[in-house]
>>> print(open('target_0.cif').read())   # mmCIF, C-alpha atoms
data_run
loop_
_atom_site.label_atom_id
_atom_site.label_comp_id
_atom_site.auth_asym_id
_atom_site.auth_seq_id
_atom_site.Cartn_x
_atom_site.Cartn_y
_atom_site.Cartn_z
CA MET A 1 -146.13 144.49 -174.02
CA LYS A 2 -143.97 141.42 -173.28
CA LEU A 3 -146.87 139.68 -171.53
CA LYS A 4 -149.25 140.31 -174.43
CA MET A 5 -146.72 139.08 -176.99
CA THR A 6 -146.08 135.99 -174.85
CA LEU A 7 -149.81 135.28 -174.73
CA LEU A 8 -150.07 135.69 -178.51
CA ILE A 9 -147.15 133.34 -179.14
CA ALA A 10 -148.61 130.79 -176.73
CA ALA A 11 -151.98 130.99 -178.49
CA LEU A 12 -150.32 130.54 -181.87
CA THR A 13 -148.37 127.52 -180.63
CA SER A 14 -151.51 125.84 -179.32
CA MET A 15 -153.45 126.59 -182.53
CA THR A 16 -150.79 125.46 -185.01
CA ALA A 17 -151.65 121.80 -184.72
CA HIS A 18 -155.34 122.47 -185.40
CA ALA A 19 -155.42 125.46 -187.76
CA GLU A 20 -153.85 127.09 -190.78
CA ILE A 21 -152.17 130.23 -189.46
CA ASN A 22 -151.90 133.39 -191.56
CA ILE A 23 -149.78 136.27 -190.26
CA SER A 24 -149.64 139.76 -191.74
CA GLY A 25 -148.49 143.10 -190.47
CA PHE A 26 -148.15 146.80 -191.06
CA ALA A 27 -146.00 149.62 -189.79
CA SER A 28 -145.61 153.37 -190.09
CA VAL A 29 -142.54 155.40 -189.18
CA ASN A 30 -143.72 159.01 -189.27
CA GLY A 31 -142.13 162.20 -188.07
CA GLY A 32 -142.96 165.88 -188.09
CA LYS A 33 -143.39 169.14 -186.25
CA VAL A 34 -145.50 172.26 -186.02
CA LEU A 35 -144.01 175.03 -188.15
CA SER A 36 -146.16 177.71 -186.53
CA GLY A 37 -149.32 177.89 -184.46
CA THR A 38 -151.36 179.78 -181.92
CA GLY A 39 -152.11 176.93 -179.53
CA ALA A 40 -155.00 177.38 -177.12
CA PRO A 41 -153.46 179.41 -174.27
CA GLN A 42 -156.81 179.63 -172.48
CA TYR A 43 -156.42 175.89 -171.85
CA GLY A 44 -152.64 175.85 -171.48
CA ILE A 45 -152.12 174.18 -174.89
CA GLU A 46 -148.91 175.10 -176.69
CA PRO A 47 -148.81 175.36 -180.51
CA SER A 48 -149.92 171.88 -181.54
CA PHE A 49 -151.22 169.85 -184.45
CA LEU A 50 -153.65 167.12 -183.36
CA ALA A 51 -153.17 164.63 -186.19
CA ASP A 52 -155.23 161.79 -184.69
CA TYR A 53 -158.05 162.50 -182.24
CA PRO A 54 -158.80 159.04 -180.71
CA ILE A 55 -155.12 158.27 -180.07
CA VAL A 56 -154.18 161.91 -179.26
CA SER A 57 -151.29 161.89 -181.73
CA THR A 58 -150.06 165.45 -181.19
CA TYR A 59 -147.17 167.21 -182.88
CA THR A 60 -145.59 170.29 -181.28
CA GLU A 61 -142.82 172.69 -182.32
CA ASP A 62 -140.28 170.01 -181.31
CA PHE A 63 -139.66 167.44 -184.05
CA SER A 64 -140.83 163.95 -183.06
CA PHE A 65 -141.36 160.48 -184.49
CA SER A 66 -143.63 159.39 -181.62
CA PRO A 67 -147.11 160.74 -182.40
CA GLU A 68 -148.02 158.55 -185.39
CA SER A 69 -145.40 155.81 -185.63
CA LEU A 70 -146.81 152.34 -185.04
CA ILE A 71 -146.46 148.66 -185.78
CA GLY A 72 -149.25 146.09 -185.98
CA LEU A 73 -149.49 142.34 -186.27
CA GLN A 74 -152.62 140.47 -187.39
CA VAL A 75 -152.98 136.73 -186.96
CA THR A 76 -155.81 134.63 -188.39
CA GLY A 77 -156.30 130.97 -187.60
CA GLU A 78 -158.39 129.06 -190.17
CA LEU A 79 -160.01 126.22 -188.25
CA GLY A 80 -161.83 124.71 -191.22
CA GLU A 81 -165.50 124.42 -192.19
CA GLY A 82 -165.86 128.22 -192.28
CA LEU A 83 -164.62 128.91 -188.74
CA SER A 84 -161.71 131.29 -188.07
CA VAL A 85 -160.18 133.34 -185.24
CA THR A 86 -158.54 136.75 -185.76
CA GLY A 87 -156.43 138.84 -183.43
CA GLN A 88 -154.63 142.13 -184.00
CA ILE A 89 -152.05 143.76 -181.76
CA VAL A 90 -150.92 147.35 -182.33
CA ALA A 91 -148.09 149.23 -180.61
CA ARG A 92 -148.22 153.02 -181.02
CA GLY A 93 -145.62 155.68 -180.40
CA ALA A 94 -148.34 157.88 -178.90
CA ASN A 95 -148.77 155.18 -176.23
CA ASP A 96 -145.04 154.62 -175.67
CA PHE A 97 -145.31 151.53 -177.93
CA ASP A 98 -147.29 149.65 -175.32
CA ALA A 99 -148.89 146.88 -177.38
CA GLU A 100 -152.66 146.48 -177.12
CA PHE A 101 -155.17 144.03 -178.58
CA GLU A 102 -157.20 146.13 -181.02
CA TRP A 103 -159.16 143.24 -182.55
CA ALA A 104 -160.04 139.81 -181.17
CA TYR A 105 -162.98 138.04 -182.81
CA ILE A 106 -164.24 134.80 -184.29
CA SER A 107 -165.87 134.42 -187.71
CA TYR A 108 -168.17 131.75 -189.05
CA GLU A 109 -169.12 131.60 -192.72
CA LEU A 110 -172.79 130.67 -192.85
CA ASN A 111 -172.67 130.32 -196.65
CA ASP A 112 -171.01 131.96 -199.66
CA ASN A 113 -172.61 135.34 -198.88
CA TRP A 114 -173.12 135.60 -195.11
CA THR A 115 -170.57 135.64 -192.27
CA LEU A 116 -171.29 135.92 -188.55
CA GLN A 117 -168.66 137.51 -186.31
CA ALA A 118 -168.37 138.10 -182.55
CA GLY A 119 -165.77 139.75 -180.33
CA LYS A 120 -163.82 143.01 -180.30
CA LYS A 121 -163.66 144.92 -183.58
CA ARG A 122 -163.25 148.38 -185.05
CA LEU A 123 -166.47 150.43 -184.97
CA PRO A 124 -167.29 150.86 -188.70
CA LEU A 125 -168.42 154.47 -188.57
CA PHE A 126 -166.19 155.80 -191.33
CA TYR A 127 -165.03 154.68 -194.75
CA TYR A 128 -161.47 154.13 -193.54
CA SER A 129 -162.35 152.72 -190.10
CA ASP A 130 -161.45 149.08 -190.82
CA PHE A 131 -157.95 149.92 -192.11
CA TYR A 132 -157.38 153.23 -190.31
CA ASP A 133 -154.06 152.04 -188.83
CA VAL A 134 -152.73 150.72 -192.14
CA GLY A 135 -151.19 153.85 -193.61
CA TYR A 136 -150.16 152.05 -196.79
CA ALA A 137 -153.86 151.55 -197.65
CA TYR A 138 -154.62 155.23 -198.33
CA VAL A 139 -152.97 158.08 -200.17
CA TRP A 140 -152.55 160.66 -197.35
CA MET A 141 -150.40 160.64 -194.25
CA ARG A 142 -153.66 160.00 -192.35
CA PRO A 143 -157.43 160.24 -192.85
CA PRO A 144 -158.52 163.82 -192.09
CA ALA A 145 -158.75 164.48 -188.35
CA ASP A 146 -161.72 166.84 -188.76
CA ASN A 147 -163.78 163.83 -189.91
CA TYR A 148 -162.30 161.12 -187.70
CA THR A 149 -162.77 162.88 -184.38
CA TRP A 150 -164.84 160.52 -182.24
CA GLN A 151 -163.45 159.25 -178.95
CA ILE A 152 -164.73 155.66 -179.27
CA PHE A 153 -163.36 153.61 -182.18
CA ASN A 154 -163.71 149.99 -181.06
CA TYR A 155 -166.64 147.97 -179.73
CA GLU A 156 -167.42 144.52 -178.35
CA GLY A 157 -170.40 142.75 -179.85
CA VAL A 158 -171.66 140.74 -182.80
CA ASN A 159 -172.08 141.57 -186.48
CA LEU A 160 -173.40 139.97 -189.65
CA LEU A 161 -171.55 140.54 -192.93
CA TYR A 162 -172.94 140.15 -196.45
CA ASN A 163 -170.94 140.05 -199.69
CA GLY A 164 -172.64 139.65 -203.05
CA SER A 165 -173.91 141.61 -206.01
CA VAL A 166 -177.02 143.22 -207.45
CA GLY A 167 -176.90 143.21 -211.22
CA ASP A 168 -173.61 144.80 -212.27
CA TRP A 169 -173.07 146.34 -208.82
CA GLY A 170 -170.95 144.80 -206.11
CA LEU A 171 -172.76 144.87 -202.75
CA SER A 172 -171.46 144.43 -199.23
CA ALA A 173 -173.28 145.10 -195.96
CA ASN A 174 -172.66 144.92 -192.23
CA ILE A 175 -175.20 144.93 -189.40
CA TYR A 176 -173.71 145.21 -185.90
CA THR A 177 -174.65 145.66 -182.26
CA GLY A 178 -172.72 145.86 -178.99
CA ARG A 179 -171.18 148.28 -176.52
CA GLU A 180 -167.88 149.82 -175.46
CA ASP A 181 -166.81 150.79 -171.95
CA ASP A 182 -163.54 152.73 -172.07
CA THR A 183 -162.55 153.08 -168.42
CA GLU A 184 -160.04 155.87 -169.14
CA ASN A 185 -160.70 157.34 -172.56
CA LYS A 186 -157.48 158.84 -173.90
CA LEU A 187 -158.95 161.74 -175.89
CA LEU A 188 -161.29 162.91 -173.14
CA SER A 189 -158.92 162.20 -170.23
CA ASP A 190 -155.63 163.51 -171.65
CA PHE A 191 -156.75 166.27 -173.97
CA PHE A 192 -160.23 167.69 -173.41
CA PHE A 193 -161.11 167.27 -169.73
CA ARG A 194 -157.62 166.54 -168.37
CA ALA A 195 -159.13 164.30 -165.74
CA PRO A 196 -159.78 160.53 -165.68
CA THR A 197 -162.83 160.06 -167.90
CA ARG A 198 -164.80 156.88 -168.36
CA GLU A 199 -166.72 156.87 -171.65
CA ILE A 200 -169.52 154.36 -172.26
CA TRP A 201 -171.37 153.75 -175.50
CA GLU A 202 -174.08 151.13 -175.00
CA ASP A 203 -177.02 149.78 -176.98
CA ILE A 204 -175.00 150.31 -180.16
CA LEU A 205 -176.96 149.34 -183.26
CA GLY A 206 -175.73 150.16 -186.74
CA GLY A 207 -175.55 149.20 -190.37
CA VAL A 208 -173.30 149.79 -193.37
CA VAL A 209 -174.05 149.32 -197.08
CA ASN A 210 -171.32 149.56 -199.71
CA LEU A 211 -172.07 149.66 -203.47
CA SER A 212 -169.44 149.62 -206.21
CA HIS A 213 -169.52 149.61 -210.00
CA ASP A 214 -166.65 150.30 -212.37
CA TRP A 215 -165.16 153.66 -211.28
CA LEU A 216 -167.77 154.54 -208.64
CA GLU A 217 -168.07 153.48 -205.00
CA ILE A 218 -170.80 154.58 -202.56
CA ARG A 219 -170.92 153.83 -198.83
CA LEU A 220 -173.89 154.54 -196.55
CA THR A 221 -173.87 154.10 -192.78
CA HIS A 222 -176.11 154.74 -189.77
CA MET A 223 -175.62 154.03 -186.07
CA ARG A 224 -177.44 154.86 -182.85
CA TYR A 225 -176.22 154.48 -179.28
CA THR A 226 -176.63 155.65 -175.68
CA ASN A 227 -173.79 157.63 -174.09
CA LYS A 228 -172.81 157.72 -170.41
CA ARG A 229 -169.74 159.50 -169.01
CA PHE A 230 -167.95 159.74 -165.68
CA ILE A 231 -165.33 162.45 -165.04
CA ASP A 232 -163.28 161.88 -161.89
CA GLY A 233 -165.87 159.28 -160.94
CA GLU A 234 -168.78 161.73 -161.16
CA PRO A 235 -171.51 161.16 -163.76
CA SER A 236 -171.95 163.79 -166.46
CA MET A 237 -175.46 165.20 -166.69
CA TRP A 238 -177.28 166.36 -169.81
CA ASN A 239 -180.63 168.12 -169.31
CA GLY A 240 -180.99 166.52 -165.91
CA LYS A 241 -180.18 162.99 -167.15
CA ASP A 242 -177.04 160.90 -166.77
CA GLU A 243 -177.32 159.55 -170.32
CA ARG A 244 -178.03 160.82 -173.82
CA ASP A 245 -178.83 159.21 -177.14
CA GLY A 246 -176.80 159.75 -180.29
CA LYS A 247 -177.43 159.07 -183.97
CA PHE A 248 -174.70 158.93 -186.60
CA TYR A 249 -175.12 159.19 -190.38
CA GLY A 250 -172.42 158.84 -193.01
CA LEU A 251 -172.03 158.99 -196.78
CA ALA A 252 -168.84 158.37 -198.74
CA VAL A 253 -168.60 158.70 -202.52
CA ASN A 254 -165.36 157.81 -204.31
CA ALA A 255 -164.63 158.03 -208.02
CA ASP A 256 -161.48 156.47 -209.50
CA PHE A 257 -160.86 157.09 -213.20
CA GLY A 258 -157.50 155.32 -213.31
CA ASN A 259 -155.03 158.15 -212.85
CA LEU A 260 -157.40 160.83 -211.54
CA PHE A 261 -159.41 160.08 -208.40
CA VAL A 262 -161.83 162.01 -206.17
CA LEU A 263 -162.54 160.95 -202.58
CA SER A 264 -165.28 162.37 -200.36
CA GLU A 265 -166.96 161.68 -197.04
CA LEU A 266 -169.83 163.43 -195.27
CA ASN A 267 -170.90 162.66 -191.69
CA ARG A 268 -173.40 163.93 -189.12
CA LEU A 269 -173.69 163.14 -185.42
CA GLU A 270 -176.96 164.13 -183.74
CA LEU A 271 -176.36 164.43 -180.00
CA ASP A 272 -177.10 167.49 -177.86
CA SER A 273 -176.63 169.41 -181.08
CA ASP A 274 -175.63 168.48 -184.62
CA PHE A 275 -171.99 167.90 -185.50
CA ASP A 276 -171.30 167.97 -189.24
CA THR A 277 -168.05 166.94 -190.89
CA TYR A 278 -166.98 166.51 -194.48
CA MET A 279 -163.87 166.06 -196.56
CA ILE A 280 -163.01 166.07 -200.22
CA SER A 281 -159.71 165.05 -201.78
CA ILE A 282 -158.37 164.98 -205.32
CA GLY A 283 -155.24 163.25 -206.55
CA TYR A 284 -153.52 162.16 -209.73
CA ARG A 285 -151.25 159.14 -210.22
CA PHE A 286 -148.07 159.69 -212.23
CA ASP A 287 -146.92 156.07 -212.23
CA GLU A 288 -145.52 155.59 -208.69
CA ILE A 289 -145.88 159.23 -207.61
CA THR A 290 -149.25 160.65 -206.51
CA PRO A 291 -149.68 164.31 -205.56
CA TYR A 292 -152.95 165.18 -203.81
CA ILE A 293 -154.87 167.93 -202.08
CA MET A 294 -157.47 167.52 -199.34
CA TYR A 295 -159.89 169.79 -197.48
CA SER A 296 -161.89 168.79 -194.39
CA ASP A 297 -164.29 170.65 -192.12
CA TYR A 298 -165.93 170.16 -188.71
CA GLU A 299 -168.77 172.37 -187.52
CA GLN A 300 -171.13 172.19 -184.56
CA SER A 301 -174.60 173.65 -185.03
CA GLY A 302 -175.80 176.51 -182.86
CA ASP A 303 -175.33 180.21 -182.32
CA GLY A 304 -172.36 181.93 -180.76
CA ASP A 305 -169.06 180.22 -180.02
CA VAL A 306 -169.31 176.58 -181.16
CA GLU A 307 -166.68 174.04 -182.14
CA LYS A 308 -165.56 174.77 -185.69
CA HIS A 309 -162.29 173.94 -187.44
CA ASP A 310 -161.03 172.97 -190.87
CA THR A 311 -157.87 171.61 -192.45
CA THR A 312 -156.27 172.11 -195.85
CA ALA A 313 -153.59 169.57 -196.75
CA VAL A 314 -151.31 169.02 -199.73
CA GLY A 315 -148.93 166.12 -200.12
CA VAL A 316 -147.19 163.54 -202.25
CA ARG A 317 -147.07 159.76 -202.05
CA TRP A 318 -144.23 157.79 -203.64
CA ASN A 319 -144.57 154.00 -204.01
CA PHE A 320 -140.84 153.29 -203.99
CA HIS A 321 -141.36 149.58 -203.20
CA PRO A 322 -144.18 147.06 -203.85
CA SER A 323 -144.85 146.96 -200.10
CA ALA A 324 -143.81 150.43 -198.99
CA ALA A 325 -144.65 154.07 -199.65
CA PHE A 326 -143.02 157.34 -198.68
CA LYS A 327 -145.30 160.30 -197.98
CA VAL A 328 -144.87 163.96 -197.12
CA GLN A 329 -147.76 166.27 -196.19
CA TYR A 330 -148.29 169.91 -195.23
CA ASP A 331 -151.35 170.69 -193.09
CA ARG A 332 -152.87 174.07 -192.32
CA VAL A 333 -155.48 173.99 -189.55
CA LYS A 334 -157.84 176.86 -188.84
CA ASP A 335 -159.62 176.74 -185.47
CA ASP A 336 -162.47 179.27 -185.29
CA SER A 337 -163.49 178.59 -181.67
CA PHE A 338 -162.43 180.00 -178.33
CA ASP A 339 -164.40 178.23 -175.61
CA PHE A 340 -164.50 175.10 -177.79
CA ALA A 341 -161.03 175.45 -179.29
CA VAL A 342 -159.20 172.17 -179.88
CA ALA A 343 -155.57 173.21 -180.37
CA GLY A 344 -155.78 176.53 -182.17
CA ASP A 345 -154.49 177.39 -185.63
CA SER A 346 -151.42 175.54 -186.86
CA LYS A 347 -149.20 174.79 -189.82
CA ALA A 348 -147.42 171.45 -189.71
CA LEU A 349 -145.14 169.32 -191.86
CA THR A 350 -145.05 165.54 -191.51
CA PHE A 351 -143.44 162.74 -193.49
CA GLY A 352 -143.01 159.02 -193.16
CA VAL A 353 -142.87 155.53 -194.59
CA ASP A 354 -145.76 153.05 -194.51
CA VAL A 355 -145.14 149.34 -195.05
CA VAL A 356 -147.18 146.14 -195.17
CA PHE A 357 -145.81 142.63 -194.77
#
>>> encode(input="target_0.cif", output="C-alpha cells")
Amino acid sequence: MKLKMTLLIAALTSMTAHAEINISGFASVNGGKVLSGTGAPQYGIEPSFLADYPIVSTYTEDFSFSPESLIGLQVTGELGEGLSVTGQIVARGANDFDAEFEWAYISYELNDNWTLQAGKKRLPLFYYSDFYDVGYAYVWMRPPADNYTWQIFNYEGVNLLYNGSVGDWGLSANIYTGREDDTENKLLSDFFFRAPTREIWEDILGGVVNLSHDWLEIRLTHMRYTNKRFIDGEPSMWNGKDERDGKFYGLAVNADFGNLFVLSELNRLELDSDFDTYMISIGYRFDEITPYIMYSDYEQSGDGDVEKHDTTAVGVRWNFHPSAAFKVQYDRVKDDSFDFAVAGDSKALTFGVDVVF
C-alpha cells in the first residue's frame, strides 16, 4: 500500500506543473453480523452472509467491520485541449486494506459529444457498475448480491463514450472492447474452488445505451466474451474445449417521482446454461430519511439441483450530513441449492456510514 501511495504522490507531483489536478474520494465504514444461518456444511462453510461476490465480503456470526469497509481516492489530471488522465485507488477491509489501482485510464474529448478512453476501467455490465464502490451514491447498504455476482468486474481496453440527446430524451452510450486476465481471482480462488484460479475473459465486446426523460430512466446493455480458466494451473474443460463463449444482456428501468421511487434491473448470462437475475426495490423519501425494501433473485436454468437463491432486504437511509449518510439494513437470504449452494440460508444485520469528499 505504501509503495502504491508513493507512486501516486510522485505522479501527482510531476503532473502538477502541467495539469489541473482534481482530487475526490469516498469511504464506507460498515459493520454487521449473521443473526442466524445454515451455512453450507457440505463445503465446510459456516453460517455466512456473502454481501459482495467479486470481493468476497463475507459476514459471519462474529460481528465485524472488515467485510465492506473501504476508502477510495480518485485523481484526475486535466491536461488541456480535451486530454485527461484518471486514476483510482481503493483499499478494502476484505483485502486487509491493501490499496489497489482499480482505474487507470486516459480520456480524449473528440468533440462535444464523443470521448475516447483507454486503460483499466470498471466493466459496465450493471447499472451501478461505475459507482459500485461509492456507497453514498445509492440508497441501500449495497447493490443486491444476487444480481452483482460475476467474478470479473474490471477490464483493460478501449471505449468510446457518447453524450447527447434525442428530442426530449437524454442519451448516453458506451461501446467498449478489451480483456481481463485475473491471475488469482478472489471469488473463485477463495470461495468457490478454494484453489488458485486464474480467470480470463478475452475478446470482450459490449455496448451500453442509457435513455432518460423526466421521471423515467432506461438502460440497455449487451456484452460477449470468451472465457478461459485455470485451477491449480490446469485448464478447465467445457464439452471437450478449454474455452467457452458467453453473452450478457441487461435491462434497468428506474422511475423517480420525487419522493416515491422504483428501481429495477434484469440480467441474463448465456454460458453453458442460462443464468437469470433480477431485482426490484421501492423506497420513499421523508426529507432526509428514506425507508426502502428490495427483493432480488438468481436462478440457473436446467432440471434438478441448480444454483438458485434470493434475498429480501429492508432498510433505512438517513442523510445526516450533506456529504454523509447512515444506513441500516436487514437481509434474509434463501439458498435453494445443495450441490450449487453458495453460503446457505441466512439472516443478517448490517449498518454503516458512507461519505464522499
>>> atom_distance(input="target_0.cif", atom1="atom CA of Lys247 of chain A", atom2="atom CA of Tyr225 of chain A")
6.7 Å
>>> atom_distance(input="target_0.cif", atom1="atom CA of Phe320 of chain A", atom2="atom CA of Arg142 of chain A")
18.6 Å
>>> atom_distance(input="target_0.cif", atom1="atom CA of Phe248 of chain A", atom2="atom CA of Tyr176 of chain A")
13.8 Å
>>> resolve_selection(input="target_0.cif", expression="the PyMOL selection byres ((chain A and resi 65-69) around 7)", output="PDB file with C-alpha atoms, keeping the file's coordinate frame")
ATOM      1  CA  SER A  28    -145.610 153.370-190.090  1.00  0.00           C
ATOM      2  CA  VAL A  29    -142.540 155.400-189.180  1.00  0.00           C
ATOM      3  CA  ASN A  30    -143.720 159.010-189.270  1.00  0.00           C
ATOM      4  CA  GLY A  31    -142.130 162.200-188.070  1.00  0.00           C
ATOM      5  CA  GLY A  32    -142.960 165.880-188.090  1.00  0.00           C
ATOM      6  CA  SER A  57    -151.290 161.890-181.730  1.00  0.00           C
ATOM      7  CA  THR A  58    -150.060 165.450-181.190  1.00  0.00           C
ATOM      8  CA  TYR A  59    -147.170 167.210-182.880  1.00  0.00           C
ATOM      9  CA  SER A  64    -140.830 163.950-183.060  1.00  0.00           C
ATOM     10  CA  LEU A  70    -146.810 152.340-185.040  1.00  0.00           C
ATOM     11  CA  ARG A  92    -148.220 153.020-181.020  1.00  0.00           C
ATOM     12  CA  GLY A  93    -145.620 155.680-180.400  1.00  0.00           C
ATOM     13  CA  ALA A  94    -148.340 157.880-178.900  1.00  0.00           C
TER      14      ALA A  94
END
>>> residues_around(input="target_0.cif", residues="Val328 of chain A", least_positions_apart="6", cutoff="7 Å", atoms="only C-alpha atoms", output="short mmCIF file (atom, residue, chain, number, x, y, z; two decimals) with C-alpha atoms, keeping the file's coordinate frame")
data_model
loop_
_atom_site.label_atom_id
_atom_site.label_comp_id
_atom_site.auth_asym_id
_atom_site.auth_seq_id
_atom_site.Cartn_x
_atom_site.Cartn_y
_atom_site.Cartn_z
CA GLY A 315 -148.93 166.12 -200.12
CA VAL A 316 -147.19 163.54 -202.25
CA ARG A 317 -147.07 159.76 -202.05
CA THR A 350 -145.05 165.54 -191.51
CA PHE A 351 -143.44 162.74 -193.49
CA GLY A 352 -143.01 159.02 -193.16
#
>>> resolve_selection(input="target_0.cif", expression="the PyMOL selection byres ((chain A and resi 131-140) around 7)", output="MDAnalysis selection string")
chainID A and resid 26 28 128:130 141:143 317 324:325 354:356
>>> closest_residue(input="target_0.cif", among="A:Asn95, A:Asn163, A:Ser323, A:Thr311", to="Phe49 of chain A", atoms="all atoms listed in the file")
A:Thr311
>>> residues_around(input="target_0.cif", residues="Thr60 of chain A", least_positions_apart="5", cutoff="10 Å", atoms="all atoms listed in the file", output="MDAnalysis selection string")
chainID A and resid 32:37 39 45:50 67 346 348
>>> residues_near_point(input="target_0.cif", point="(-174.0, 138.6, -194.8)", cutoff="7 Å", atoms="all atoms listed in the file", output="number ranges by chain")
A: 113-115, 160-163, 173-174
